[in-house]
Every structure is written in C-alpha cells, then in structure tokens.
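As stored in data-v1.txt (compact mmCIF, C-alpha atoms):
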```
# COMPACT_ATOMS: atom_id res chain seq x y z
CA MET Q 19 15.63 41.01 -41.86
CA LYS Q 20 13.53 44.17 -42.07
CA VAL Q 21 10.11 44.97 -40.57
CA CYS Q 22 7.89 45.98 -43.50
CA GLN Q 23 4.54 46.60 -41.82
CA ILE Q 24 2.88 46.70 -38.41
CA GLU Q 25 -0.89 46.46 -38.59
CA LYS Q 26 -3.32 46.59 -35.67
CA ILE Q 27 -5.80 43.69 -35.60
CA GLY Q 28 -9.42 44.50 -34.78
CA LYS Q 29 -10.26 46.15 -31.47
CA GLY Q 30 -7.84 44.13 -29.36
CA GLU Q 31 -4.29 44.73 -28.25
CA ASN Q 32 -2.60 42.66 -30.97
CA CYS Q 33 -0.81 43.64 -34.16
CA ARG Q 34 0.37 41.72 -37.19
CA VAL Q 35 4.06 42.27 -37.92
CA LEU Q 36 5.06 41.61 -41.55
CA LEU Q 37 8.72 40.97 -42.40
CA GLU Q 38 10.47 41.37 -45.75
CA ASN Q 39 10.79 37.60 -46.21
CA GLY Q 40 6.99 37.34 -46.20
CA PHE Q 41 6.87 35.91 -42.70
CA SER Q 42 4.39 37.48 -40.28
CA LEU Q 43 3.62 37.04 -36.60
CA ILE Q 44 1.08 38.32 -34.13
CA LEU Q 45 2.48 40.37 -31.24
CA SER Q 46 0.87 42.42 -28.53
CA MET Q 47 1.33 46.19 -28.67
CA GLU Q 48 3.15 45.93 -25.33
CA THR Q 49 5.67 43.48 -26.79
CA ILE Q 50 6.16 45.68 -29.86
CA TYR Q 51 6.78 48.70 -27.64
CA LYS Q 52 9.17 46.90 -25.29
CA SER Q 53 11.09 45.45 -28.24
CA SER Q 54 11.30 48.84 -30.02
CA LEU Q 55 9.91 47.33 -33.19
CA CYS Q 56 8.98 49.76 -35.93
CA VAL Q 57 8.59 49.76 -39.70
CA GLY Q 58 12.00 49.73 -41.34
CA ALA Q 59 13.80 48.29 -38.32
CA GLU Q 60 16.34 45.52 -38.90
CA ILE Q 61 15.93 42.42 -36.74
CA SER Q 62 17.86 39.16 -36.53
CA GLU Q 63 16.22 35.75 -36.43
CA GLU Q 64 17.59 35.21 -32.92
CA LYS Q 65 16.11 38.48 -31.68
CA LEU Q 66 12.83 37.69 -33.41
CA SER Q 67 12.70 34.31 -31.65
CA GLN Q 68 13.31 35.98 -28.28
CA ILE Q 69 10.57 38.53 -28.94
CA HIS Q 70 8.15 35.78 -29.94
CA ILE Q 71 8.85 33.80 -26.76
CA GLU Q 72 8.40 36.88 -24.57
CA ASN Q 73 5.11 37.59 -26.32
CA GLU Q 74 3.99 33.98 -25.77
CA LYS Q 75 4.80 34.30 -22.06
CA GLY Q 76 2.39 37.21 -21.77
CA LYS Q 77 -0.31 35.40 -23.71
CA ALA Q 78 0.11 32.21 -21.67
CA PHE Q 79 -0.08 34.13 -18.40
CA ASP Q 80 -3.28 35.90 -19.49
CA LYS Q 81 -4.76 32.59 -20.66
CA ALA Q 82 -3.98 30.96 -17.31
CA ILE Q 83 -5.42 33.87 -15.32
CA LYS Q 84 -8.62 33.67 -17.36
CA LEU Q 85 -8.87 29.94 -16.61
CA LEU Q 86 -8.21 30.37 -12.88
CA SER Q 87 -10.76 33.17 -12.63
CA LYS Q 88 -13.44 30.64 -13.59
CA VAL Q 89 -12.39 27.60 -11.59
CA SER Q 90 -9.64 26.60 -9.17
CA LYS Q 91 -6.95 24.38 -10.69
CA SER Q 92 -3.86 22.55 -9.52
CA LYS Q 93 -0.41 23.33 -10.88
CA LYS Q 94 -0.45 20.16 -12.99
CA GLU Q 95 -3.85 21.00 -14.48
CA VAL Q 96 -2.78 24.50 -15.51
CA LYS Q 97 0.46 23.14 -16.98
CA GLU Q 98 -1.42 20.54 -19.04
CA TYR Q 99 -3.96 23.15 -20.16
CA LEU Q 100 -1.26 25.48 -21.48
CA LEU Q 101 0.64 22.69 -23.21
CA GLN Q 102 -2.60 21.60 -24.91
CA LYS Q 103 -3.04 25.18 -26.11
CA GLY Q 104 0.28 24.82 -27.93
CA TYR Q 105 2.59 26.89 -25.73
CA LEU Q 106 6.25 25.89 -25.61
CA PRO Q 107 7.41 24.00 -22.48
CA GLN Q 108 9.75 26.85 -21.52
CA VAL Q 109 6.88 29.34 -21.79
CA VAL Q 110 4.66 27.09 -19.68
CA GLU Q 111 7.32 26.66 -16.97
CA PHE Q 112 7.84 30.43 -16.83
CA THR Q 113 4.09 30.99 -16.56
CA ILE Q 114 3.64 28.42 -13.77
CA ALA Q 115 6.48 30.02 -11.78
CA LYS Q 116 4.97 33.47 -12.25
CA LEU Q 117 1.52 32.26 -11.19
CA GLU Q 118 3.01 30.73 -8.04
CA GLU Q 119 4.97 33.90 -7.32
CA TYR Q 120 1.80 36.00 -7.56
CA LYS Q 121 -0.12 33.45 -5.41
CA TYR Q 122 -2.52 32.50 -8.19
CA LEU Q 123 -1.38 28.87 -7.88
CA ASN Q 124 -1.02 27.06 -4.57
CA ASP Q 125 -1.45 23.28 -4.45
CA GLU Q 126 -1.78 23.25 -0.65
CA LEU Q 127 -4.73 25.67 -0.68
CA PHE Q 128 -6.17 23.88 -3.70
CA ALA Q 129 -6.09 20.54 -1.86
CA LYS Q 130 -7.75 21.99 1.26
CA ASP Q 131 -10.49 23.63 -0.80
CA PHE Q 132 -11.03 20.40 -2.74
CA VAL Q 133 -11.45 18.42 0.48
CA SER Q 134 -13.84 21.03 1.85
CA CYS Q 135 -16.00 20.89 -1.29
CA ASN Q 136 -16.08 17.07 -1.46
CA LYS Q 137 -16.05 15.91 2.17
CA ASN Q 138 -19.83 15.38 2.25
CA LEU Q 139 -19.88 13.53 -1.06
CA LYS Q 140 -16.80 11.32 -1.19
CA GLY Q 141 -14.61 9.30 1.17
CA LYS Q 142 -10.95 9.77 1.97
CA LYS Q 143 -9.75 7.17 -0.52
CA MET Q 144 -11.66 8.75 -3.40
CA ILE Q 145 -10.60 12.30 -2.53
CA SER Q 146 -6.99 11.18 -2.17
CA TYR Q 147 -7.13 9.44 -5.55
CA LEU Q 148 -8.67 12.46 -7.31
CA LEU Q 149 -6.11 14.85 -5.83
CA ALA Q 150 -3.27 12.55 -6.89
CA GLN Q 151 -4.71 12.57 -10.42
CA LYS Q 152 -4.52 16.37 -10.31
CA GLY Q 153 -0.81 16.18 -9.52
CA ILE Q 154 -0.98 16.88 -5.79
CA ASN Q 155 1.79 15.11 -3.88
CA LYS Q 156 1.07 12.65 -1.06
CA GLU Q 157 2.32 14.89 1.75
CA ILE Q 158 -0.01 17.72 0.73
CA ILE Q 159 -2.92 15.28 0.34
CA ASP Q 160 -2.31 13.77 3.78
CA ASN Q 161 -2.19 17.21 5.39
CA ALA Q 162 -5.39 18.27 3.66
CA LEU Q 163 -7.18 15.14 4.91
CA LEU Q 164 -5.72 15.29 8.40
CA ASP Q 165 -8.83 16.65 10.15
CA PHE Q 166 -11.38 14.92 7.92
CA ASN Q 167 -13.56 12.47 9.84
CA GLU Q 168 -15.44 10.58 7.16
CA PHE Q 169 -17.79 8.61 9.43
CA SER Q 170 -20.48 11.28 9.81
CA PRO Q 171 -20.88 12.11 6.08
CA ALA Q 172 -20.75 8.40 5.23
CA LEU Q 173 -23.55 7.77 7.72
CA LYS Q 174 -25.73 10.45 6.12
CA ILE Q 175 -25.14 8.99 2.67
CA ALA Q 176 -26.03 5.53 4.00
CA GLU Q 177 -29.24 6.79 5.63
CA LYS Q 178 -30.28 8.45 2.38
CA TYR Q 179 -29.45 5.31 0.39
CA MET Q 180 -31.50 3.06 2.68
CA LYS Q 181 -34.58 5.28 2.68
CA ASN Q 182 -37.65 3.19 1.77
CA LYS Q 183 -35.51 0.05 1.39
CA ASP Q 184 -35.81 -3.23 3.26
CA TYR Q 185 -33.17 -3.93 5.89
CA ASP Q 186 -32.24 -7.32 4.49
CA TYR Q 187 -28.95 -9.00 3.68
CA LYS Q 188 -29.07 -8.10 -0.02
CA ASN Q 189 -29.48 -4.37 0.66
CA LYS Q 190 -26.82 -4.56 3.35
CA GLN Q 191 -24.33 -5.82 0.78
CA LYS Q 192 -25.47 -3.18 -1.71
CA LEU Q 193 -25.04 -0.42 0.87
CA TYR Q 194 -21.52 -1.60 1.64
CA ALA Q 195 -20.67 -1.59 -2.08
CA HIS Q 196 -22.28 1.86 -2.47
CA LEU Q 197 -20.06 3.34 0.23
CA LEU Q 198 -16.96 1.66 -1.15
CA ALA Q 199 -17.72 3.12 -4.59
CA LYS Q 200 -17.75 6.60 -3.05
CA GLY Q 201 -14.24 6.05 -1.78
CA TYR Q 202 -14.83 5.42 1.92
CA CYS Q 203 -12.34 3.29 3.79
CA TYR Q 204 -13.22 -0.34 4.50
CA GLY Q 205 -13.34 0.27 8.24
CA THR Q 206 -15.67 3.24 7.81
CA CYS Q 207 -17.95 1.26 5.50
CA SER Q 208 -18.20 -1.61 7.98
CA ALA Q 209 -18.86 0.68 10.94
CA VAL Q 210 -21.53 2.67 9.09
CA VAL Q 211 -23.29 -0.43 7.75
CA ASP Q 212 -23.28 -2.01 11.22
CA GLU Q 213 -24.79 1.12 12.76
CA ILE Q 214 -27.44 1.52 10.04
CA PHE Q 215 -28.53 -2.07 10.32
CA ALA Q 216 -28.44 -2.03 14.10
CA ASP Q 217 -30.92 0.89 13.93
CA GLY Q 218 -32.86 -0.84 11.16
CA ASP Q 219 -33.36 -3.91 13.24
```
Please express what this file holds, its structure, as structure tokens.
Amino acid sequence: MKVCQIEKIGKGENCRVLLENGFSLILSMETIYKSSLCVGAEISEEKLSQIHIENEKGKAFDKAIKLLSKVSKSKKEVKEYLLQKGYLPQVVEFTIAKLEEYKYLNDELFAKDFVSCNKNLKGKKMISYLLAQKGINKEIIDNALLDFNEFSPALKIAEKYMKNKDYDYKNKQKLYAHLLAKGYCYGTCSAVVDEIFADGD
C-alpha cells in the first residue's frame, strides 16, 4: 500500500494521510516523522495499524492531561473517560500507566484531597461510598479517613440545621435523618443530636 498524499489540517499539529486504496487517517506530525512516512512510501497494513495505535496513544495522553489540568480524577474515572472517547482498551491501559509513571495519577493523593475537600460537608460513610464509586480501593479509603473526626463538622451542620427551629421531638427526628443523609455514622448522629438537644433544652 502506497502513501499518496500528506496534507496538513488547519493550524494544528495534525495531517491527513491518504493511501492509494482511498483510505485516509489523521496522524500527528510527530507520528508521521517518527514513522518516516512520506509521499510514495510503501506501507503494510500491519505497520499502518501499529502507527495508528501509537498515534492514538499520544492523543489519549494529551486528552487525559487536558482533563486532569481542569479537575482531579481517580484512575477509574480517567479510564472510563478515555474509553467513552472511543480509545482502544490497549491505548487506554498504556495511557493510564504513563500518567501514573509521570505522577499525574495517584489514587492515594486523590483520596486524601477528596476527604479534605468534603470533610466539612459529608460524613465518613458518604465519603467512603463516593470514593468507592470512583474506583478507590478500601485500604486507600480507610487510610484517607484515618484522621478524620466527623463529630465536629456534624455538630456544625446540626447547629445550622436547627437555627430558628423548635427543639421538639419532630425536629429531633428530622435532624437525625438529615445527618444520616449526609453520610454520618449512626453513633455520630446520635451523639450530635443528643448534644444539640441537651443545649436546646
């Protein structure tokens, strides 16, 4: 199979490579250079497939870096994002490994940052659940939550919730349910409600 034309696309770094069978593909100039592609060159289907995969690896890595520059993500989230963008599983696995190697992905740091950002808004159970949904394993989650004392933030949330409310049985039950919904442990909910209503009395 012969390369018939290599045409630069717009102002970016990509080119359209046209082959004699009418097939065309978009490759970066870097990939074209590394692969020694030029007009008139003969290329096998196997070699073309390899070049395409290498090009996709570069594109996937750039796409992931762009995502991570905007918001922190777990390894699972980045993997799902790339698969949804249509990248091959082997390309995605390569990209994830490269991101980890370059320290762009680290589930332990991600979990600690997530706890730090949510510790005044959610309880341990909720944070643990959300991290598990993001693909963080239990050991990492437990370590990230190790020093998190949820009583104090739960108390502040309870005080805010009870502002201008009557300290009656109905609101006591509602407060307990409110804290549970935010993912606080049963023991924490009970202790906070008891303290709030002891002060309210």
Quiz item: Using all atoms listed in the file, which of Q:Glu72, Q:Glu168, Q:Glu95, Q:Asp212 sits nearest Q:Val109?
Solution: Q:Glu72
Quiz item: Any idea what the distance is between atom CA of Q:Phe166 and atom CA of Q:Leu197?
Solution: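 Interatomic distance here is 16.4 Å.
Taking all atoms listed in the file into account, Q:Glu74 lies nearest to Q:Lys103 out of the set Q:Lys103, Q:Lys174, Q:Lys93, Q:Lys121.
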Quiz item: So how far away is atom CA of Q:Leu193 from atom CA of Q:Asp160, in Å?
Solution: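 These atoms are spaced 27.0 Å apart.
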Quiz item: What separation in Å, quoted to one decimal, exists between atom CA of Q:Asn155 and atom CA of Q:Lys130?
Solution: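 Here the two named atoms are 12.8 Å from each other.
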Quiz prompt | Given only C-alpha atoms as the counted atoms, nearest of Q:Asp165, Q:Glu111, Q:Asp125, Q:Glu60 to Q:Lys75 | solution =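 The answer is Q:Glu111, which sits nearest to Q:Lys75.
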Test item: residues at most 10 Å from Q:Glu31, all atoms listed in the file, excluding those fewer than 6 positions along its chain, as an mmCIF file with C-alpha atoms, in the frame of the given file:
```
data_model
loop_
_atom_site.group_PDB
_atom_site.id
_atom_site.type_symbol
_atom_site.label_atom_id
_atom_site.label_comp_id
_atom_site.auth_asym_id
_atom_site.auth_seq_id
_atom_site.Cartn_x
_atom_site.Cartn_y
_atom_site.Cartn_z
ATOM 1 C CA LEU Q 45 2.480 40.370 -31.240
ATOM 2 C CA SER Q 46 0.870 42.420 -28.530
ATOM 3 C CA MET Q 47 1.330 46.190 -28.670
ATOM 4 C CA GLU Q 48 3.150 45.930 -25.330
#
```
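Each of Q:Tyr120, Q:Lys140, Q:Glu213, Q:Lys94 was compared to Q:Ile154 using only C-alpha atoms, and Q:Lys94 turns out to be the nearest.
For the choices Q:Met180, Q:Gly201, Q:Ala129, Q:Lys137, the atom-to-atom distance to Q:Glu157 is smallest for Q:Ala129 when using all atoms listed in the file.
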Exercise. May I ask which of the residues Q:Ser170, Q:Gln151, Q:Ser90, Q:Asn161 is the closest one to Q:Phe132, counting only C-alpha atoms?
Key: Q:Ser90
